[in-house]
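Colleague: Okay, so here is entry_5.pdb, and as you'll see once you scroll down, it has PDB, C-alpha atoms.
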```pdb
ATOM      1  CA  MET H  44      72.364 -30.840  17.766
ATOM      2  CA  THR H  45      71.647 -28.708  14.710
ATOM      3  CA  MET H  46      74.172 -28.064  11.993
ATOM      4  CA  SER H  47      74.734 -24.527  13.353
ATOM      5  CA  GLN H  48      75.914 -26.086  16.587
ATOM      6  CA  TRP H  49      78.502 -28.332  14.936
ATOM      7  CA  PRO H  50      82.168 -27.599  15.566
ATOM      8  CA  LYS H  51      83.694 -25.561  12.744
ATOM      9  CA  TRP H  52      85.994 -28.371  11.698
ATOM     10  CA  GLN H  53      83.018 -30.717  11.110
ATOM     11  CA  VAL H  54      81.257 -28.106   8.973
ATOM     12  CA  TRP H  55      84.444 -27.578   6.988
ATOM     13  CA  LEU H  56      84.920 -31.332   6.511
ATOM     14  CA  LEU H  57      81.336 -31.816   5.325
ATOM     15  CA  GLY H  58      81.728 -28.999   2.813
ATOM     16  CA  ALA H  59      84.973 -30.439   1.527
ATOM     17  CA  VAL H  60      83.417 -33.875   1.050
ATOM     18  CA  MET H  61      80.445 -32.434  -0.837
ATOM     19  CA  ALA H  62      82.736 -30.329  -3.016
ATOM     20  CA  LEU H  63      84.804 -33.368  -3.906
ATOM     21  CA  ALA H  64      81.651 -35.370  -4.717
ATOM     22  CA  VAL H  65      80.417 -32.674  -7.085
ATOM     23  CA  ALA H  66      83.825 -32.282  -8.661
ATOM     24  CA  GLY H  67      84.156 -36.025  -8.979
ATOM     25  CA  CYS H  68      81.146 -36.148 -11.279
ATOM     26  CA  GLY H  69      83.061 -34.045 -13.733
ATOM     27  CA  LEU H  70      86.165 -36.171 -13.370
ATOM     28  CA  LEU H  71      84.430 -39.341 -14.609
ATOM     29  CA  PRO H  72      85.513 -40.153 -18.155
ATOM     30  CA  ASP H  73      82.906 -39.673 -20.856
ATOM     31  CA  VAL H  74      81.750 -42.941 -22.430
ATOM     32  CA  LYS H  75      82.174 -42.225 -26.100
ATOM     33  CA  ASP H  76      80.607 -44.196 -28.914
ATOM     34  CA  GLU H  77      83.478 -45.377 -31.065
ATOM     35  CA  THR H  78      81.137 -45.661 -34.028
ATOM     36  CA  ALA H  79      79.965 -42.031 -33.897
ATOM     37  CA  GLY H  80      80.165 -40.621 -37.382
ATOM     38  CA  TRP H  81      80.809 -43.968 -39.047
ATOM     39  CA  SER H  82      79.257 -44.523 -42.439
ATOM     40  CA  ALA H  83      77.043 -47.503 -43.211
ATOM     41  CA  GLU H  84      79.902 -49.067 -45.141
ATOM     42  CA  GLN H  85      82.361 -48.698 -42.261
ATOM     43  CA  LEU H  86      79.877 -50.122 -39.770
ATOM     44  CA  TYR H  87      79.153 -53.088 -41.996
ATOM     45  CA  ARG H  88      82.799 -53.753 -42.799
ATOM     46  CA  THR H  89      83.825 -53.674 -39.125
ATOM     47  CA  ALA H  90      80.891 -55.864 -38.065
ATOM     48  CA  HIS H  91      81.587 -58.312 -40.873
ATOM     49  CA  GLU H  92      85.229 -58.603 -39.866
ATOM     50  CA  ALA H  93      84.227 -59.195 -36.243
ATOM     51  CA  MET H  94      81.888 -61.956 -37.396
ATOM     52  CA  LEU H  95      84.618 -63.615 -39.452
ATOM     53  CA  ASP H  96      86.972 -63.407 -36.470
ATOM     54  CA  GLY H  97      84.407 -65.187 -34.309
ATOM     55  CA  ASN H  98      83.665 -62.142 -32.177
ATOM     56  CA  HIS H  99      79.930 -62.546 -32.609
ATOM     57  CA  THR H 100      78.948 -60.455 -29.600
ATOM     58  CA  ARG H 101      80.675 -57.403 -31.079
ATOM     59  CA  ALA H 102      79.353 -58.243 -34.535
ATOM     60  CA  VAL H 103      75.737 -58.331 -33.317
ATOM     61  CA  LYS H 104      76.128 -54.989 -31.547
ATOM     62  CA  LEU H 105      77.555 -53.346 -34.668
ATOM     63  CA  PHE H 106      74.946 -54.868 -36.965
ATOM     64  CA  GLU H 107      72.204 -53.581 -34.670
ATOM     65  CA  THR H 108      73.782 -50.127 -34.725
ATOM     66  CA  LEU H 109      73.932 -50.232 -38.507
ATOM     67  CA  GLU H 110      70.255 -51.175 -38.779
ATOM     68  CA  ALA H 111      69.238 -48.427 -36.349
ATOM     69  CA  ARG H 112      71.188 -45.653 -38.082
ATOM     70  CA  TYR H 113      70.845 -46.742 -41.688
ATOM     71  CA  PRO H 114      67.668 -48.848 -41.879
ATOM     72  CA  TYR H 115      67.567 -48.781 -45.659
ATOM     73  CA  GLY H 116      70.093 -49.819 -48.251
ATOM     74  CA  ARG H 117      72.111 -52.878 -49.121
ATOM     75  CA  TYR H 118      74.298 -52.765 -46.017
ATOM     76  CA  ALA H 119      71.285 -52.854 -43.711
ATOM     77  CA  GLN H 120      69.798 -55.748 -45.671
ATOM     78  CA  GLN H 121      72.959 -57.810 -45.424
ATOM     79  CA  ALA H 122      73.344 -56.825 -41.780
ATOM     80  CA  ILE H 123      70.070 -58.568 -40.901
ATOM     81  CA  LEU H 124      71.293 -61.867 -42.326
ATOM     82  CA  GLU H 125      74.716 -61.668 -40.743
ATOM     83  CA  GLU H 126      73.237 -60.576 -37.431
ATOM     84  CA  ALA H 127      71.051 -63.687 -37.592
ATOM     85  CA  PHE H 128      74.132 -65.817 -38.266
ATOM     86  CA  SER H 129      76.053 -64.317 -35.340
ATOM     87  CA  ASN H 130      73.101 -64.780 -32.999
ATOM     88  CA  TRP H 131      72.899 -68.398 -34.118
ATOM     89  CA  ARG H 132      76.578 -68.894 -33.275
ATOM     90  CA  LEU H 133      75.879 -67.323 -29.889
ATOM     91  CA  SER H 134      73.016 -69.824 -29.361
ATOM     92  CA  GLU H 135      70.526 -66.957 -29.273
ATOM     93  CA  GLN H 136      67.813 -68.932 -31.037
ATOM     94  CA  ALA H 137      64.982 -66.449 -30.580
ATOM     95  CA  SER H 138      67.016 -63.482 -31.861
ATOM     96  CA  ALA H 139      68.399 -65.467 -34.786
ATOM     97  CA  THR H 140      65.007 -66.714 -35.989
ATOM     98  CA  ALA H 141      63.448 -63.283 -35.470
ATOM     99  CA  ALA H 142      66.093 -61.776 -37.749
ATOM    100  CA  CYS H 143      65.507 -64.473 -40.384
ATOM    101  CA  ASP H 144      61.757 -63.901 -40.274
ATOM    102  CA  ARG H 145      62.252 -60.131 -40.480
ATOM    103  CA  PHE H 146      64.404 -60.497 -43.571
ATOM    104  CA  ILE H 147      61.953 -62.892 -45.239
ATOM    105  CA  ARG H 148      59.029 -60.605 -44.460
ATOM    106  CA  THR H 149      60.771 -57.388 -45.519
ATOM    107  CA  TYR H 150      62.697 -58.625 -48.553
ATOM    108  CA  PRO H 151      60.754 -61.580 -50.001
ATOM    109  CA  ASN H 152      62.296 -61.066 -53.448
ATOM    110  CA  HIS H 153      65.871 -60.517 -52.318
ATOM    111  CA  PRO H 154      68.472 -62.700 -54.094
ATOM    112  CA  ASN H 155      69.601 -64.066 -50.720
ATOM    113  CA  VAL H 156      66.192 -64.795 -49.232
ATOM    114  CA  ASP H 157      66.790 -68.520 -49.793
ATOM    115  CA  TYR H 158      69.672 -68.288 -47.340
ATOM    116  CA  ALA H 159      67.313 -66.784 -44.753
ATOM    117  CA  TYR H 160      65.119 -69.893 -44.955
ATOM    118  CA  TYR H 161      68.164 -72.153 -44.830
ATOM    119  CA  LEU H 162      69.654 -70.330 -41.844
ATOM    120  CA  LYS H 163      66.336 -70.496 -40.013
ATOM    121  CA  GLY H 164      66.367 -74.255 -40.503
ATOM    122  CA  LEU H 165      69.910 -74.431 -39.168
ATOM    123  CA  VAL H 166      69.012 -72.389 -36.095
ATOM    124  CA  TYR H 167      66.438 -74.993 -35.078
ATOM    125  CA  PHE H 168      68.577 -77.933 -36.208
ATOM    126  CA  ARG H 169      70.613 -79.369 -33.337
ATOM    127  CA  GLU H 170      74.006 -80.266 -34.733
ATOM    128  CA  ASP H 171      75.525 -81.008 -31.332
ATOM    129  CA  GLN H 172      73.807 -84.395 -31.187
ATOM    130  CA  GLY H 173      73.268 -87.210 -33.632
ATOM    131  CA  LEU H 174      70.013 -89.095 -34.078
ATOM    132  CA  PHE H 175      70.309 -91.081 -30.875
ATOM    133  CA  GLY H 176      71.272 -87.928 -29.045
ATOM    134  CA  TYR H 177      67.794 -86.684 -29.846
ATOM    135  CA  VAL H 178      66.155 -89.894 -28.805
ATOM    136  CA  TYR H 179      67.985 -91.390 -25.881
ATOM    137  CA  GLU H 180      70.090 -88.743 -24.166
ATOM    138  CA  LEU H 181      67.007 -86.714 -23.315
ATOM    139  CA  ASP H 182      63.751 -87.628 -21.630
ATOM    140  CA  LEU H 183      61.775 -87.007 -24.770
ATOM    141  CA  SER H 184      58.662 -88.510 -23.240
ATOM    142  CA  GLU H 185      58.334 -85.176 -21.437
ATOM    143  CA  ARG H 186      59.533 -82.968 -24.263
ATOM    144  CA  ASP H 187      57.828 -81.924 -27.470
ATOM    145  CA  PRO H 188      60.334 -81.957 -30.339
ATOM    146  CA  LYS H 189      59.248 -78.502 -31.469
ATOM    147  CA  SER H 190      62.696 -77.475 -32.690
ATOM    148  CA  MET H 191      62.936 -80.491 -35.002
ATOM    149  CA  ARG H 192      59.545 -79.693 -36.505
ATOM    150  CA  GLU H 193      60.410 -76.001 -36.910
ATOM    151  CA  SER H 194      63.673 -76.937 -38.606
ATOM    152  CA  PHE H 195      61.917 -79.344 -40.963
ATOM    153  CA  ALA H 196      59.303 -76.712 -41.845
ATOM    154  CA  ALA H 197      61.952 -74.117 -42.719
ATOM    155  CA  PHE H 198      63.934 -76.539 -44.864
ATOM    156  CA  LYS H 199      60.762 -77.742 -46.558
ATOM    157  CA  GLU H 200      59.759 -74.187 -47.435
ATOM    158  CA  LEU H 201      63.217 -73.587 -48.865
ATOM    159  CA  THR H 202      63.128 -76.686 -51.063
ATOM    160  CA  GLN H 203      59.628 -75.914 -52.318
ATOM    161  CA  LYS H 204      60.190 -72.235 -53.082
ATOM    162  CA  PHE H 205      63.792 -72.467 -54.262
ATOM    163  CA  PRO H 206      64.408 -75.935 -55.725
ATOM    164  CA  GLU H 207      67.467 -74.628 -57.585
ATOM    165  CA  SER H 208      69.041 -72.997 -54.538
ATOM    166  CA  ARG H 209      72.564 -74.052 -53.660
ATOM    167  CA  TYR H 210      71.276 -74.791 -50.158
ATOM    168  CA  THR H 211      68.516 -77.155 -51.267
ATOM    169  CA  GLU H 212      70.583 -80.336 -51.449
ATOM    170  CA  ASP H 213      71.876 -79.951 -47.919
ATOM    171  CA  ALA H 214      68.401 -79.001 -46.703
ATOM    172  CA  GLN H 215      66.976 -82.199 -48.207
ATOM    173  CA  THR H 216      69.643 -84.269 -46.456
ATOM    174  CA  ARG H 217      68.772 -82.636 -43.151
ATOM    175  CA  MET H 218      65.061 -83.183 -43.785
ATOM    176  CA  ARG H 219      65.662 -86.926 -44.194
ATOM    177  CA  TYR H 220      67.562 -86.946 -40.932
ATOM    178  CA  LEU H 221      64.805 -84.999 -39.177
ATOM    179  CA  THR H 222      62.086 -87.273 -40.539
ATOM    180  CA  ASN H 223      63.772 -90.304 -39.048
ATOM    181  CA  ALA H 224      64.544 -88.453 -35.811
ATOM    182  CA  LEU H 225      60.886 -87.492 -35.447
ATOM    183  CA  GLY H 226      59.854 -91.069 -36.182
ATOM    184  CA  MET H 227      62.243 -92.335 -33.517
ATOM    185  CA  TYR H 228      60.841 -89.776 -31.118
ATOM    186  CA  GLU H 229      57.385 -91.313 -31.613
ATOM    187  CA  VAL H 230      58.831 -94.777 -31.032
ATOM    188  CA  HIS H 231      60.527 -93.610 -27.867
ATOM    189  CA  VAL H 232      57.248 -92.236 -26.544
ATOM    190  CA  ALA H 233      55.490 -95.480 -27.518
ATOM    191  CA  ARG H 234      58.086 -97.417 -25.528
ATOM    192  CA  TYR H 235      57.597 -95.032 -22.632
ATOM    193  CA  TYR H 236      53.895 -95.908 -22.579
ATOM    194  CA  TYR H 237      54.641 -99.608 -22.986
ATOM    195  CA  GLY H 238      56.990 -99.575 -20.020
ATOM    196  CA  ARG H 239      54.205 -98.131 -17.876
ATOM    197  CA  GLY H 240      51.616-100.633 -18.974
ATOM    198  CA  ALA H 241      49.661 -98.231 -21.196
ATOM    199  CA  TYR H 242      49.521-100.707 -24.066
ATOM    200  CA  ILE H 243      46.732 -99.051 -26.047
ATOM    201  CA  ALA H 244      48.619 -95.769 -26.004
ATOM    202  CA  SER H 245      51.893 -97.465 -26.972
ATOM    203  CA  ALA H 246      50.274 -99.300 -29.899
ATOM    204  CA  ASN H 247      48.581 -96.120 -31.130
ATOM    205  CA  ARG H 248      51.763 -94.061 -30.850
ATOM    206  CA  ALA H 249      53.754 -96.699 -32.746
ATOM    207  CA  GLN H 250      51.078 -96.741 -35.427
ATOM    208  CA  GLN H 251      51.352 -92.950 -35.742
ATOM    209  CA  ALA H 252      55.092 -93.337 -36.305
ATOM    210  CA  LEU H 253      54.352 -95.667 -39.220
ATOM    211  CA  LEU H 254      51.693 -93.419 -40.719
ATOM    212  CA  ASN H 255      53.462 -90.070 -40.295
ATOM    213  CA  TYR H 256      57.029 -91.175 -41.024
ATOM    214  CA  PRO H 257      56.821 -94.032 -43.540
ATOM    215  CA  GLN H 258      59.870 -95.618 -45.100
ATOM    216  CA  THR H 259      62.224 -94.556 -42.353
ATOM    217  CA  PRO H 260      64.393 -96.790 -40.132
ATOM    218  CA  SER H 261      62.093 -95.978 -37.228
ATOM    219  CA  ASN H 262      59.415 -98.165 -38.813
ATOM    220  CA  GLU H 263      61.225-101.343 -37.772
ATOM    221  CA  HIS H 264      61.122-100.331 -34.114
ATOM    222  CA  ALA H 265      57.540 -99.103 -34.355
ATOM    223  CA  LEU H 266      56.371-102.463 -35.684
ATOM    224  CA  ASP H 267      58.059-104.256 -32.817
ATOM    225  CA  VAL H 268      56.275-102.018 -30.293
ATOM    226  CA  MET H 269      52.981-102.831 -31.991
ATOM    227  CA  VAL H 270      53.665-106.579 -31.863
ATOM    228  CA  ARG H 271      54.405-106.467 -28.123
ATOM    229  CA  SER H 272      51.602-104.049 -27.267
ATOM    230  CA  TYR H 273      48.975-106.148 -29.032
ATOM    231  CA  GLN H 274      50.320-109.235 -27.284
ATOM    232  CA  LYS H 275      49.855-107.558 -23.926
ATOM    233  CA  LEU H 276      46.305-106.557 -24.905
ATOM    234  CA  GLY H 277      45.472-110.128 -25.911
ATOM    235  CA  LEU H 278      44.922-109.094 -29.541
ATOM    236  CA  ALA H 279      46.663-112.065 -31.098
ATOM    237  CA  GLN H 280      45.513-111.414 -34.676
ATOM    238  CA  LEU H 281      46.750-107.813 -34.691
ATOM    239  CA  SER H 282      50.014-108.883 -33.090
ATOM    240  CA  ASP H 283      50.535-111.595 -35.723
ATOM    241  CA  ASP H 284      49.715-109.157 -38.531
ATOM    242  CA  ALA H 285      52.255-106.636 -37.240
ATOM    243  CA  HIS H 286      54.833-109.391 -36.876
ATOM    244  CA  ARG H 287      54.289-110.575 -40.459
ATOM    245  CA  ILE H 288      54.796-107.034 -41.759
ATOM    246  CA  LEU H 289      57.925-106.700 -39.632
ATOM    247  CA  GLU H 290      59.273-110.025 -40.877
ATOM    248  CA  LYS H 291      58.556-109.190 -44.517
ATOM    249  CA  SER H 292      59.881-105.639 -44.379
ATOM    250  CA  TYR H 293      62.903-106.327 -42.170
ATOM    251  CA  PRO H 294      63.856-110.004 -42.524
ATOM    252  CA  GLN H 295      67.191-109.407 -40.805
ATOM    253  CA  SER H 296      65.677-107.462 -37.926
ATOM    254  CA  VAL H 297      66.842-108.251 -34.409
ATOM    255  CA  TYR H 298      63.156-108.406 -33.503
ATOM    256  CA  VAL H 299      62.355-111.235 -35.941
ATOM    257  CA  ALA H 300      62.487-114.872 -34.808
ATOM    258  CA  GLY H 301      65.719-116.484 -35.983
ATOM    259  CA  ALA H 302      67.746-113.316 -35.533
ATOM    260  CA  PRO H 303      70.927-113.500 -33.396
ATOM    261  CA  SER H 304      70.020-114.505 -29.856
ATOM    262  CA  LYS H 305      69.676-111.503 -27.615
ATOM    263  CA  PRO H 306      66.990-110.463 -25.102
ATOM    264  CA  TRP H 307      64.565-108.057 -26.773
ATOM    265  CA  TRP H 308      64.978-105.398 -24.091
ATOM    266  CA  LYS H 309      68.672-105.093 -24.978
ATOM    267  CA  PHE H 310      67.583-103.466 -28.239
ATOM    268  CA  TRP H 311      65.463-100.839 -26.488
TER
END
```
How does this structure look as structure tokens?

Modeller:
Amino acid sequence: MTMSQWPKWQVWLLGAVMALAVAGCGLLPDVKDETAGWSAEQLYRTAHEAMLDGNHTRAVKLFETLEARYPYGRYAQQAILEEAFSNWRLSEQASATAACDRFIRTYPNHPNVDYAYYLKGLVYFREDQGLFGYVYELDLSERDPKSMRESFAAFKELTQKFPESRYTEDAQTRMRYLTNALGMYEVHVARYYYGRGAYIASANRAQQALLNYPQTPSNEHALDVMVRSYQKLGLAQLSDDAHRILEKSYPQSVYVAGAPSKPWWKFW
């Protein structure tokens, strides 16, 4: 049946439906940009207030709008830093570090560029876990601690380029923490190898912990791994040497003979 053969009431109904559909398009409300016509100052002020109120999603959107409309000037410069901060609070690591890098690259002589380095370090620094959160709550034997290394690198660059920065002292404290965390990561991997009978690999990894992260608490544990690994390999002299260093450096260590009685695996 062709359309010309339809009953009149069907043709009328079809026309009415189509007319309503067309009219309905005009009835939809226009989506207006609330920021249309806003100055750079108004955009920044509103975004900044949203950030302070903890509404970081809105803050990021407004900061991005500010950068797009007014790419030059002091408001746009500050917007990059605060956008990075809001992205950090939103756990958007890639966006936060990209903003920090963009600020550092574009404004290397800006008075607040030290904060960009510091914030970049914070973005990579995991504050939700302590040292043993890094080492034992995760299967680090299958994970490269890239974030810890990136954080350390950013803090190191800050302390070297801006030794008088107000952020330097805190950065140095975090660097000490990261150094020990990275050392403990190496120990954890060494123990992983030891537990699977790869004694050469465990001894070498423990030795790397000593060489790369000297004078950190992880050294005590690394020496113990070396003692046990060399024992398993039948290298009595190397095992004794490692034990002597352990005993001399950490006389109260739980791994040294004469320490409180406790099976060695309880300390792992």

Colleague: Out of H:Arg248, H:Lys199, H:Arg145, H:Arg132, which residue has the shortest atom-to-atom distance to Gln120 in chain H when counting all atoms listed in the file?

Modeller: H:Arg145

Colleague: Which one of H:Cys143, H:Ala246, H:Ala197, H:Leu253 sits closest to Ser282 in chain H if you count only C-alpha atoms?

Modeller: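 Closest to Ser282 in chain H, using only C-alpha atoms: H:Ala246.
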
Colleague: Identify all residues satisfying the PyMOL selection byres ((chain H and resi 105) around 12) in the given file; provide them as a ChimeraX atom specification.

Modeller: /H:76-79,81-94,98-104,106-113,118-119,122-123,125-126,129

Colleague: Find the residues near Met269 in chain H: any atom within 12 Å, counting all atoms listed in the file, skip ones fewer than 5 places away on the same chain, and give them as a count of residues only.

Modeller: 36

Colleague: Just to confirm, what's the straight-line distance from CA of His153 in chain H to CA of Arg209 in chain H in Å (one decimal)?

Modeller: 15.2 Å

Colleague: Which residues would end up in the selection if the PyMOL selection byres ((chain H and resi 214) around 12) were applied here, given that I need the answer as a PyMOL selection string?

Modeller: chain H and resi 157-158+160-165+168+194-203+205-213+215-221

Colleague: Kindly give the distance, in Å, that separates CA of Ser261 in chain H and CA of Met227 in chain H, rounded to a single decimal.

Modeller: 5.2 Å

Colleague: One number please: CA of Tyr273 in chain H to CA of Gly240 in chain H, in Å, one decimal.

Modeller: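 Taking CA of Tyr273 in chain H and CA of Gly240 in chain H, their separation equals 11.8 Å.
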
Colleague: Which centre and edge lengths in Å to one decimal define the box along x, y and z that fits every listed atom of range 236-253 of chain H plus 6 Å per side, as lines of an AutoDock Vina configuration file?

Modeller:
```
center_x = 51.9
center_y = -96.8
center_z = -28.5
size_x = 22.3
size_y = 19.8
size_z = 33.3
```
